[in-house]
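So this block is entry_7.csv, CSV, C-alpha atoms and all ligand atoms:
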chain,number,residue,atom,x,y,z
A,1,MET,CA,42.8,183.8,173.1
A,2,PRO,CA,41.8,180.4,171.8
A,3,LEU,CA,44.7,178.0,171.1
A,4,VAL,CA,43.2,176.6,167.9
A,5,PRO,CA,41.9,179.0,165.3
A,6,LYS,CA,38.2,178.6,164.5
A,7,ASN,CA,38.8,177.6,160.9
A,8,ILE,CA,41.0,174.7,162.0
A,9,LYS,CA,38.6,173.6,164.8
A,10,GLU,CA,35.8,173.3,162.2
A,11,LEU,CA,37.8,171.1,159.8
A,12,SER,CA,37.0,167.4,159.7
A,13,PRO,CA,40.0,165.0,159.5
A,14,TYR,CA,40.4,163.3,156.1
A,15,LYS,CA,38.6,160.0,155.8
A,16,PRO,CA,40.5,157.8,153.4
A,17,GLY,CA,38.9,154.8,151.6
A,18,LYS,CA,38.5,151.8,153.9
A,19,PRO,CA,41.7,149.7,154.0
A,20,ILE,CA,41.4,146.2,152.7
A,21,GLU,CA,42.6,144.6,156.0
A,22,GLU,CA,40.0,146.5,158.0
A,23,VAL,CA,37.2,145.2,155.8
A,24,GLN,CA,38.6,141.7,155.9
A,25,ARG,CA,38.8,141.8,159.7
A,26,GLU,CA,35.4,143.4,160.3
A,27,LEU,CA,33.4,141.3,157.8
A,28,GLY,CA,35.4,138.1,157.8
A,29,LEU,CA,35.7,138.2,154.1
A,30,LYS,CA,38.7,136.7,152.2
A,31,GLN,CA,38.3,138.3,148.8
A,32,ILE,CA,38.1,142.1,148.8
A,33,THR,CA,38.0,144.4,145.8
A,34,LYS,CA,39.1,147.9,146.6
A,35,LEU,CA,37.8,150.4,144.1
A,36,ALA,CA,37.8,153.4,146.4
A,37,SER,CA,40.9,155.5,146.1
A,38,ASN,CA,41.7,156.0,142.4
A,39,GLU,CA,44.8,153.9,142.6
A,40,ASN,CA,46.5,152.1,139.7
A,41,PRO,CA,45.3,148.5,139.8
A,42,LEU,CA,48.4,147.4,137.9
A,43,GLY,CA,50.6,148.5,140.8
A,44,PRO,CA,53.8,150.5,140.6
A,45,SER,CA,56.0,150.5,137.5
A,46,PRO,CA,58.5,147.7,137.8
A,47,LEU,CA,61.3,150.1,136.8
A,48,ALA,CA,60.4,152.3,139.7
A,49,LEU,CA,60.5,149.4,142.1
A,50,GLU,CA,64.0,148.5,140.9
A,51,ALA,CA,65.2,152.1,141.2
A,52,ILE,CA,63.8,152.3,144.8
A,53,ARG,CA,65.6,149.1,145.8
A,54,ASN,CA,68.9,150.5,144.4
A,55,ALA,CA,68.4,153.8,146.2
A,56,GLU,CA,67.9,152.1,149.6
A,57,GLN,CA,71.5,151.8,150.4
A,58,ASP,CA,71.8,155.6,150.6
A,59,LEU,CA,69.0,156.0,153.0
A,60,HIS,CA,71.3,157.3,155.7
A,61,ARG,CA,71.9,160.4,153.5
A,62,TYR,CA,69.5,163.3,153.1
A,63,PRO,CA,67.8,163.6,149.8
A,64,ASP,CA,69.0,166.0,147.1
A,65,VAL,CA,67.4,169.3,148.1
A,66,SER,CA,67.2,170.5,144.6
A,67,GLY,CA,65.8,167.2,143.2
A,68,PHE,CA,68.2,167.9,140.3
A,69,ASN,CA,68.0,164.6,138.4
A,70,LEU,CA,64.3,164.3,138.3
A,71,ARG,CA,63.7,168.0,137.7
A,72,LYS,CA,66.2,167.9,134.8
A,73,ARG,CA,64.5,164.9,133.3
A,74,LEU,CA,61.0,166.5,133.6
A,75,ALA,CA,62.3,169.7,132.1
A,76,GLU,CA,63.7,167.8,129.1
A,77,ARG,CA,60.5,165.8,128.7
A,78,PHE,CA,58.2,168.8,128.8
A,79,ASP,CA,60.5,171.2,127.0
A,80,VAL,CA,61.0,173.7,129.8
A,81,LYS,CA,64.0,174.9,131.8
A,82,ILE,CA,64.9,173.1,135.1
A,83,ASP,CA,64.1,176.5,136.8
A,84,ASN,CA,60.4,176.0,135.7
A,85,VAL,CA,60.1,172.7,137.6
A,86,ILE,CA,59.3,171.9,141.3
A,87,LEU,CA,58.9,168.6,143.1
A,88,GLY,CA,56.8,167.9,146.2
A,89,ALA,CA,55.5,165.2,148.5
A,90,GLY,CA,52.6,164.5,146.1
A,91,SER,CA,51.0,167.3,144.1
A,92,GLU,CA,49.1,168.0,147.3
A,93,GLY,CA,52.4,168.8,148.9
A,94,ILE,CA,53.1,171.4,146.2
A,95,MET,CA,49.6,172.9,146.7
A,96,GLY,CA,50.4,173.3,150.4
A,97,THR,CA,53.6,175.1,149.5
A,98,ILE,CA,51.8,177.4,147.1
A,99,MET,CA,49.3,178.4,149.8
A,100,ARG,CA,52.2,179.1,152.3
A,101,THR,CA,54.2,181.1,149.7
A,102,PHE,CA,51.8,183.5,148.0
A,103,LEU,CA,48.8,184.2,150.3
A,104,LEU,CA,48.7,187.6,152.1
A,105,PRO,CA,46.2,188.1,154.9
A,106,GLU,CA,43.6,189.9,152.8
A,107,ASP,CA,43.9,187.6,149.8
A,108,GLU,CA,40.9,185.6,148.5
A,109,ILE,CA,40.6,182.2,146.8
A,110,ILE,CA,38.1,181.0,144.2
A,111,THR,CA,37.4,177.4,143.4
A,112,ALA,CA,34.6,175.1,142.5
A,113,GLN,CA,32.3,173.8,145.3
A,114,ASN,CA,32.9,170.1,146.2
A,115,SER,CA,35.9,169.7,143.9
A,116,PHE,CA,39.1,167.9,145.1
A,117,ILE,CA,38.8,167.6,148.9
A,118,GLY,CA,42.6,168.0,149.4
A,119,PHE,CA,42.4,171.6,148.1
A,120,THR,CA,39.2,172.2,150.0
A,121,VAL,CA,41.0,171.4,153.2
A,122,LEU,CA,44.0,173.6,152.3
A,123,ALA,CA,41.7,176.5,151.4
A,124,LYS,CA,39.8,176.2,154.7
A,125,ALA,CA,42.9,175.8,156.7
A,126,SER,CA,44.4,178.9,155.1
A,127,GLY,CA,41.8,181.0,157.0
A,128,ARG,CA,41.3,183.2,153.9
A,129,LYS,CA,38.0,184.1,152.3
A,130,VAL,CA,37.1,181.4,149.8
A,131,HIS,CA,34.4,181.7,147.0
A,132,TRP,CA,33.0,178.2,146.5
A,133,VAL,CA,31.4,178.3,143.1
A,134,PRO,CA,28.8,175.5,142.4
A,135,MET,CA,29.4,173.2,139.5
A,136,LYS,CA,26.9,173.1,136.6
A,137,GLU,CA,25.8,169.6,135.5
A,138,HIS,CA,28.8,168.1,137.3
A,139,ARG,CA,31.3,170.3,135.5
A,140,TYR,CA,33.3,173.3,136.6
A,141,ASN,CA,31.3,176.5,135.8
A,142,LEU,CA,34.3,178.7,134.7
A,143,LYS,CA,31.9,181.4,133.5
A,144,ALA,CA,30.4,181.8,137.0
A,145,MET,CA,33.9,181.4,138.6
A,146,ALA,CA,35.2,184.4,136.6
A,147,THR,CA,32.4,186.7,138.0
A,148,PHE,CA,33.9,186.2,141.5
A,149,ILE,CA,37.3,187.7,140.6
A,150,ASN,CA,37.9,191.0,142.5
A,151,GLU,CA,40.9,193.1,143.6
A,152,TYR,CA,41.6,190.6,146.5
A,153,THR,CA,41.6,187.4,144.4
A,154,LYS,CA,45.0,185.7,144.6
A,155,ILE,CA,44.5,182.0,143.9
A,156,ILE,CA,42.1,180.2,141.6
A,157,TYR,CA,42.2,176.4,141.9
A,158,LEU,CA,41.0,174.3,138.9
A,159,ALA,CA,41.1,170.5,138.8
A,160,ASN,CA,41.0,169.3,135.2
A,161,PRO,CA,39.7,166.6,135.1
A,162,ASP,CA,37.9,167.0,138.4
A,163,ASN,CA,37.9,164.6,141.2
A,164,PRO,CA,35.3,163.3,142.3
A,165,MET,CA,33.2,164.1,139.2
A,166,GLY,CA,35.7,163.0,136.5
A,167,THR,CA,34.5,165.7,134.2
A,168,TYR,CA,36.8,168.2,132.4
A,169,PHE,CA,36.5,171.8,131.0
A,170,THR,CA,37.3,172.4,127.4
A,171,VAL,CA,39.9,174.5,125.5
A,172,GLU,CA,37.2,176.9,124.5
A,173,GLU,CA,35.9,177.3,128.1
A,174,PHE,CA,39.5,177.7,129.4
A,175,ASP,CA,40.4,180.3,126.8
A,176,THR,CA,37.3,182.4,127.5
A,177,PHE,CA,38.0,182.1,131.2
A,178,MET,CA,41.7,183.2,131.0
A,179,GLU,CA,40.7,186.3,129.1
A,180,LYS,CA,39.0,187.4,132.3
A,181,VAL,CA,41.8,186.5,134.7
A,182,PRO,CA,44.2,189.4,135.5
A,183,GLU,CA,47.9,188.5,135.4
A,184,ARG,CA,48.3,189.1,139.2
A,185,VAL,CA,46.0,186.1,139.9
A,186,LEU,CA,47.6,182.7,140.2
A,187,ILE,CA,45.9,179.7,138.7
A,188,ILE,CA,46.6,176.3,140.1
A,189,MET,CA,45.9,173.9,137.3
A,190,ASP,CA,45.6,170.5,139.0
A,191,GLU,CA,46.1,167.9,136.3
A,192,ALA,CA,46.4,164.8,138.5
A,193,TYR,CA,44.5,162.8,135.9
A,194,PHE,CA,46.3,164.3,132.9
A,195,GLU,CA,47.5,161.0,131.5
A,196,PHE,CA,44.0,159.7,131.2
A,197,ALA,CA,42.5,162.9,129.6
A,198,GLN,CA,45.3,164.0,127.3
A,199,TYR,CA,43.8,162.2,124.3
A,200,LEU,CA,40.6,164.2,124.3
A,201,LYS,CA,40.7,166.6,121.4
A,202,ASP,CA,39.2,169.6,123.3
A,203,TYR,CA,41.2,169.0,126.6
A,204,PRO,CA,43.3,172.1,127.4
A,205,ASP,CA,46.8,170.7,128.3
A,206,SER,CA,48.0,173.6,130.3
A,207,MET,CA,51.6,172.9,129.3
A,208,HIS,CA,50.7,174.1,125.8
A,209,TYR,CA,49.8,177.6,127.1
A,210,ARG,CA,52.8,178.9,129.1
A,211,TYR,CA,50.8,181.6,130.9
A,212,ASP,CA,53.1,183.3,133.5
A,213,ASN,CA,50.4,183.0,136.2
A,214,VAL,CA,49.5,179.3,135.7
A,215,ILE,CA,51.1,176.6,137.9
A,216,THR,CA,50.5,173.2,136.4
A,217,LEU,CA,50.5,170.3,138.9
A,218,ARG,CA,50.9,166.7,138.0
A,219,THR,CA,51.5,163.5,140.0
A,220,PHE,CA,53.1,160.1,140.1
A,221,SER,CA,50.2,158.9,142.3
A,222,LYS,CA,47.7,158.0,139.6
A,223,ALA,CA,48.7,156.7,136.2
A,224,TYR,CA,52.3,156.0,137.5
A,225,GLY,CA,50.9,153.9,140.4
A,226,LEU,CA,53.1,155.5,143.1
A,227,GLY,CA,50.5,157.0,145.5
A,228,GLY,CA,52.3,155.5,148.5
A,229,LEU,CA,55.6,157.1,147.6
A,230,ARG,CA,54.3,160.7,147.7
A,231,ILE,CA,55.8,162.4,144.8
A,232,GLY,CA,54.3,165.1,142.5
A,233,TYR,CA,55.7,167.8,140.2
A,234,GLY,CA,54.8,171.2,139.0
A,235,PHE,CA,55.6,173.6,136.2
A,236,ALA,CA,55.5,177.4,136.3
A,237,HIS,CA,57.3,180.7,135.5
A,238,ASP,CA,60.8,180.6,137.1
A,239,GLN,CA,60.0,183.5,139.4
A,240,LEU,CA,57.1,181.6,140.9
A,241,ILE,CA,59.2,178.4,141.2
A,242,SER,CA,62.2,180.2,142.8
A,243,ASN,CA,59.8,181.5,145.6
A,244,LEU,CA,58.2,178.2,146.0
A,245,MET,CA,61.6,176.6,146.4
A,246,LYS,CA,62.3,179.0,149.3
A,247,VAL,CA,59.2,177.9,151.2
A,248,LYS,CA,59.1,174.2,150.3
A,249,LEU,CA,60.2,171.7,153.0
A,250,PRO,CA,63.9,171.3,151.9
A,251,PHE,CA,64.0,167.5,152.0
A,252,GLU,CA,60.7,166.9,150.3
A,253,PRO,CA,60.3,164.6,148.4
A,254,SER,CA,62.3,161.8,149.9
A,255,SER,CA,65.2,160.2,148.1
A,256,LEU,CA,63.3,157.0,147.4
A,257,ALA,CA,60.5,159.1,145.9
A,258,GLN,CA,62.9,161.0,143.7
A,259,ALA,CA,64.5,157.8,142.5
A,260,GLY,CA,61.2,156.0,141.9
A,261,GLY,CA,59.8,159.0,140.0
A,262,LEU,CA,62.8,159.3,137.8
A,263,ALA,CA,62.5,155.6,136.8
A,264,ALA,CA,58.7,155.6,136.4
A,265,LEU,CA,58.9,158.5,134.0
A,266,GLU,CA,60.8,156.3,131.5
A,267,ASP,CA,58.3,153.5,131.8
A,268,ASN,CA,56.1,154.3,128.8
A,269,TYR,CA,54.9,150.7,128.6
A,270,HIS,CA,53.5,150.8,132.1
A,271,ILE,CA,51.7,154.1,131.4
A,272,GLU,CA,50.2,153.0,128.1
A,273,LYS,CA,49.0,149.7,129.7
A,274,THR,CA,47.5,151.7,132.5
A,275,VAL,CA,45.7,154.2,130.3
A,276,GLN,CA,44.3,151.4,128.0
A,277,LEU,CA,43.1,149.3,131.0
A,278,THR,CA,41.4,152.4,132.4
A,279,GLN,CA,39.7,153.4,129.2
A,280,ASP,CA,38.5,149.8,128.6
A,281,GLY,CA,37.3,149.7,132.3
A,282,ILE,CA,35.4,153.0,132.0
A,283,GLU,CA,33.7,151.8,128.8
A,284,TYR,CA,32.8,148.4,130.3
A,285,LEU,CA,31.6,149.7,133.6
A,286,SER,CA,29.6,152.6,132.1
A,287,ARG,CA,27.9,150.3,129.7
A,288,GLU,CA,27.0,147.6,132.2
A,289,LEU,CA,26.0,150.1,134.9
A,290,ARG,CA,23.6,151.8,132.4
A,291,ARG,CA,22.1,148.4,131.8
A,292,LEU,CA,21.4,148.2,135.5
A,293,GLU,CA,19.8,151.7,135.2
A,294,VAL,CA,22.6,153.3,137.3
A,295,ASN,CA,23.1,156.9,136.4
A,296,THR,CA,26.8,157.4,135.5
A,297,ILE,CA,28.7,160.7,134.9
A,298,PRO,CA,31.0,160.6,131.8
A,299,SER,CA,34.5,160.4,133.2
A,300,SER,CA,37.9,161.3,131.8
A,301,ALA,CA,39.9,160.1,134.8
A,302,ASN,CA,40.4,156.7,136.3
A,303,PHE,CA,37.1,156.4,138.1
A,304,ILE,CA,33.4,156.7,137.4
A,305,THR,CA,31.0,158.6,139.6
A,306,THR,CA,27.4,157.3,139.8
A,307,LYS,CA,24.3,159.2,141.1
A,308,PHE,CA,21.5,157.6,143.1
A,309,SER,CA,18.1,158.9,144.1
A,310,SER,CA,19.0,159.9,147.6
A,311,GLU,CA,21.7,160.0,150.2
A,312,LYS,CA,20.2,157.0,152.0
A,313,LYS,CA,20.1,155.0,148.8
A,314,ALA,CA,23.8,155.8,148.0
A,315,GLY,CA,24.8,155.1,151.6
A,316,ASP,CA,22.9,151.8,151.8
A,317,ILE,CA,24.3,150.6,148.4
A,318,CYS,CA,27.8,151.4,149.6
A,319,GLN,CA,27.3,149.4,152.8
A,320,GLN,CA,25.8,146.4,150.9
A,321,MET,CA,28.6,146.5,148.3
A,322,LEU,CA,31.0,146.3,151.2
A,323,LYS,CA,29.3,143.2,152.5
A,324,GLU,CA,29.8,141.7,149.1
A,325,GLY,CA,33.5,142.5,149.5
A,326,VAL,CA,33.6,145.6,147.2
A,327,ILE,CA,34.9,148.8,148.7
A,328,LEU,CA,33.5,151.9,146.9
A,329,ARG,CA,33.5,155.5,147.9
A,330,HIS,CA,30.3,157.1,149.2
A,331,LEU,CA,30.9,160.8,148.3
A,332,LYS,CA,29.0,162.3,151.2
A,333,PRO,CA,32.1,163.6,152.9
A,334,PHE,CA,33.0,165.2,149.6
A,335,GLY,CA,29.7,167.2,149.5
A,336,TRP,CA,27.9,164.8,147.1
A,337,PRO,CA,25.7,162.7,149.4
A,338,ASP,CA,23.7,161.0,146.6
A,339,TYR,CA,26.8,159.8,144.8
A,340,ILE,CA,29.2,156.9,144.8
A,341,ARG,CA,32.6,156.9,143.1
A,342,ILE,CA,34.0,153.7,141.6
A,343,SER,CA,37.7,153.6,140.8
A,344,ILE,CA,38.6,151.5,137.7
A,345,GLY,CA,40.2,148.2,138.6
A,346,LEU,CA,41.6,145.2,136.8
A,347,PHE,CA,39.1,143.5,134.4
A,348,GLU,CA,38.3,140.8,137.0
A,349,GLU,CA,37.8,143.5,139.7
A,350,ASN,CA,35.4,145.5,137.5
A,351,GLN,CA,33.6,142.2,136.9
A,352,SER,CA,33.3,141.5,140.7
A,353,CYS,CA,32.0,145.0,141.2
A,354,LEU,CA,29.3,144.5,138.6
A,355,ASN,CA,28.3,141.1,140.0
A,356,ALA,CA,28.0,142.7,143.4
A,357,PHE,CA,25.9,145.5,141.9
A,358,ARG,CA,23.6,143.0,140.2
A,359,LYS,CA,23.0,141.4,143.6
A,360,VAL,CA,22.7,144.5,145.6
A,361,LEU,CA,20.4,146.4,143.2
B,401,LIG,C1,42.4,166.2,141.6
B,401,LIG,C2,43.4,165.6,142.5
B,401,LIG,N1,44.5,166.3,142.7
B,401,LIG,C3,45.5,165.9,143.5
B,401,LIG,C4,45.5,164.7,144.1
B,401,LIG,C5,46.6,164.3,145.0
B,401,LIG,O1,47.6,163.8,144.4
B,401,LIG,P1,49.0,163.5,145.1
B,401,LIG,O2,48.9,162.1,145.5
B,401,LIG,O3,50.0,163.8,144.1
B,401,LIG,O4,49.1,164.4,146.3
B,401,LIG,C6,44.4,163.8,143.9
B,401,LIG,C7,44.3,162.5,144.5
B,401,LIG,O5,43.3,162.0,144.7
B,401,LIG,C8,43.3,164.3,143.1
B,401,LIG,O6,42.2,163.6,142.8
Output the structure of this file as structure tokens.
Ligand SMILES: Cc1ncc(COP(=O)(O)O)c(C=O)c1O
Amino acid sequence: MPLVPKNIKELSPYKPGKPIEEVQRELGLKQITKLASNENPLGPSPLALEAIRNAEQDLHRYPDVSGFNLRKRLAERFDVKIDNVILGAGSEGIMGTIMRTFLLPEDEIITAQNSFIGFTVLAKASGRKVHWVPMKEHRYNLKAMATFINEYTKIIYLANPDNPMGTYFTVEEFDTFMEKVPERVLIIMDEAYFEFAQYLKDYPDSMHYRYDNVITLRTFSKAYGLGGLRIGYGFAHDQLISNLMKVKLPFEPSSLAQAGGLAALEDNYHIEKTVQLTQDGIEYLSRELRRLEVNTIPSSANFITTKFSSEKKAGDICQQMLKEGVILRHLKPFGWPDYIRISIGLFEENQSCLNAFRKVL
């Protein structure tokens, strides 16, 4: 009997965006612009930082297992009961709990091909049969995904907006899709970029639906600028939540994460500033990149994905941009070898990125 299952052996370890210090060391550059990991360029909410500092003195205590204060506040904010709310070490932490809680050995999973890599890894690690449904014109093809539903389907994962494409599916597409989904099938609605997309008229905010088989996942990692803290949250029917609570690691998320999240949730100013900066950045970068004849995909998240003529071209450009001190993300490991993703930065960072592109191209 092999020690490591085949599906785990075949997994590749996650390759994060290059850290700033590593690039500085390797290339001897002082000024580095990191636009590789969809982080908030404004940093964390100051209110969250203050709450974290205040919570430090209780670090010898274990965190509140029920995450009561933050769950209560989220329930109030989103007009649900506390029993409909779960917390986790990032929304990815909750995804992991969902996979451990609901999958039987014969269950199958459906998702889009080359969508969020975190879910791809969880799905592969689960050892279950997964139907990877190709996107159409860089968007989820819900119509095609629905045709894969069978008696074994247990989980369908949808990222809306998607990472790494930044595209979203509409109310109409979602409504038509849901008509074809049996109630026994769980939908994971990953809305990690919700704060950036919520203003779109035809964006289906899953919290307006209240389907009993939909689990909505959101995060403090993106618009709230707390990616390093590892805290996310989810909403679902209380029976789903109560089972997730049995399986979830009891002390996840940490006490600092709970305190930071609670404070960040009240910082509307920080969110508004972040969303505005992101929208302006997307507009500016898209316009200027188009001028340079770079093919951009319309984005509703906090990044723009660009398409080049070949894998070699995309890889070379990423390397040359790095030499200019700009860290971007070549999407080859995400299954999109001809593509580069650019996270939106501060205005000056976007400018540096464009200046580097002008040189490199
Ligand atoms: C679509 C999507 N979902 C989830 C996550 C992970 O979020 P968290 O930091 O909350 O685990 C990301 C992060 O990149 C993402 O792009």
Q) Which residues sit within 7 Å of ligand LIG 401 (chain B), counting only C-alpha atoms and all ligand atoms, listed as a ChimeraX atom specification? A) /A:38,89-93,116,118,159,162-164,190-193,218-221,227,230-232
The distance between atom CA of Tyr339 of chain A and atom CA of Asn40 of chain A is 21.8 Å
- Message: Report, in Å with one decimal, the straight-line distance from atom CA of Thr274 of chain A to atom CA of Ala48 of chain A.
- Response: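 These atoms are spaced 14.8 Å apart.
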Worksheet item: Restricting the calculation to only C-alpha atoms, which member of A:Val275, A:Leu226, A:Ala301, A:Ile8 is positioned closest to Ala257 of chain A?
Response: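 That would be A:Leu226, the residue with the smallest distance to Ala257 of chain A.
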Just the residues within 12 Å of Lys15 of chain A, please, counting all atoms listed in the file, with nothing from its chain fewer than 4 positions along; format it as a list in words.
Leu11, Pro19, Ala36, Ser37, Ile117, Gly118, Val121, Arg329, His330, Leu331, Lys332, Pro333 and Phe334 of chain A
**Study point:** Nearest to Gln351 of chain A, chosen from A:Leu70, A:Ala125, A:Leu285, A:Met207, with only C-alpha atoms counted in the distances
**Key:**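 Closest residue, counting only C-alpha atoms: A:Leu285.
Closest approach to Tyr284 of chain A among A:Asn7, A:Asn84, A:Ser12, A:Asn350: A:Asn350, based on all atoms listed in the file.
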Rounded to one decimal place, report the atom CA of Ile317 of chain A-atom CA of Phe357 of chain A distance in Å.
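According to the coordinates, atom CA of Ile317 of chain A and atom CA of Phe357 of chain A are separated by 8.4 Å.
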Mind dumping a table of every segment 136-242 of chain A residue within 7 Å of segment 103-109 of chain A, with the nearest atom pair and its distance in Å to one decimal, using only C-alpha atoms, sorted by chain and rising number, as a tab-separated table?
residue	atom	partner	partner_atom	distance
A:Tyr152	CA	A:Asp107	CA	5.0
A:Thr153	CA	A:Glu108	CA	4.5
A:Lys154	CA	A:Asp107	CA	5.6
A:Ile155	CA	A:Ile109	CA	4.9
A:Ile156	CA	A:Ile109	CA	5.8
Residues just named, written with C-alpha atoms as a PDB file, in the coordinates of the input:
ATOM      1  CA  TYR A 152      41.600 190.600 146.500  1.00  0.00           C
ATOM      2  CA  THR A 153      41.600 187.400 144.400  1.00  0.00           C
ATOM      3  CA  LYS A 154      45.000 185.700 144.600  1.00  0.00           C
ATOM      4  CA  ILE A 155      44.500 182.000 143.900  1.00  0.00           C
ATOM      5  CA  ILE A 156      42.100 180.200 141.600  1.00  0.00           C
TER       6      ILE A 156
END
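Shortest separation to Tyr168 of chain A among A:Val185, A:Ile344, A:Leu142, A:Ile110 occurs at residue A:Leu142, atoms counted being only C-alpha atoms.
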Next item on the list: Excluding Glu39 of chain A and residues on its chain fewer than 3 positions from it, collect all residues at most 10 Å away from it, counting all atoms listed in the file, and give them as a list in words.
Entry: Lys34, Leu35, Ala36, Leu42, Gly43, Pro44, Ser221, Lys222, Ala223, Tyr224, Gly225, Leu226, Gly227, Gly228, Asn302, Phe303, Ser343, Ile344 and Gly345 of chain A
Counting only C-alpha atoms, closest pick from A:Trp132, A:Lys248, A:Glu22, A:Gly166 relative to Gly96 of chain A is A:Lys248
Of A:Val65, A:Ala146, A:Leu256, A:Arg71, the one nearest to Glu179 of chain A when counting all atoms listed in the file is A:Ala146
Report task. Compile the contact shell of Met145 of chain A as a VMD selection string: residues with an atom at most 8 Å away, counting all atoms listed in the file, same-chain residues fewer than 6 positions apart removed. Result -> chain A and resid 110 to 112 133
Residues within 12 Å of (19.9, 156.9, 147.6), file coordinates, counting all atoms listed in the file: what are they? Give the list as a short mmCIF file (atom, residue, chain, number, x, y, z; two decimals) with C-alpha atoms, keeping the file's coordinate frame.
data_model
loop_
_atom_site.label_atom_id
_atom_site.label_comp_id
_atom_site.auth_asym_id
_atom_site.auth_seq_id
_atom_site.Cartn_x
_atom_site.Cartn_y
_atom_site.Cartn_z
CA VAL A 294 22.60 153.30 137.30
CA ASN A 295 23.10 156.90 136.40
CA THR A 306 27.40 157.30 139.80
CA LYS A 307 24.30 159.20 141.10
CA PHE A 308 21.50 157.60 143.10
CA SER A 309 18.10 158.90 144.10
CA SER A 310 19.00 159.90 147.60
CA GLU A 311 21.70 160.00 150.20
CA LYS A 312 20.20 157.00 152.00
CA LYS A 313 20.10 155.00 148.80
CA ALA A 314 23.80 155.80 148.00
CA GLY A 315 24.80 155.10 151.60
CA ASP A 316 22.90 151.80 151.80
CA ILE A 317 24.30 150.60 148.40
CA CYS A 318 27.80 151.40 149.60
CA GLN A 319 27.30 149.40 152.80
CA HIS A 330 30.30 157.10 149.20
CA LEU A 331 30.90 160.80 148.30
CA LYS A 332 29.00 162.30 151.20
CA TRP A 336 27.90 164.80 147.10
CA PRO A 337 25.70 162.70 149.40
CA ASP A 338 23.70 161.00 146.60
CA TYR A 339 26.80 159.80 144.80
CA ILE A 340 29.20 156.90 144.80
CA LEU A 361 20.40 146.40 143.20
#
All residues 12 Å or closer to Glu26 of chain A, all atoms listed in the file, same chain fewer than 6 positions away omitted, as a list in words
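Here the qualifying residues turn out to be Lys18, Pro19, Ile20, Ile32, Leu322, Lys323 and Gly325 of chain A.
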Using C-alpha atoms, can you export the residues from the last selection as a compact mmCIF listing (two decimals), keeping the file's coordinate frame?
# COMPACT_ATOMS: atom_id res chain seq x y z
CA LYS A 18 38.50 151.80 153.90
CA PRO A 19 41.70 149.70 154.00
CA ILE A 20 41.40 146.20 152.70
CA ILE A 32 38.10 142.10 148.80
CA LEU A 322 31.00 146.30 151.20
CA LYS A 323 29.30 143.20 152.50
CA GLY A 325 33.50 142.50 149.50
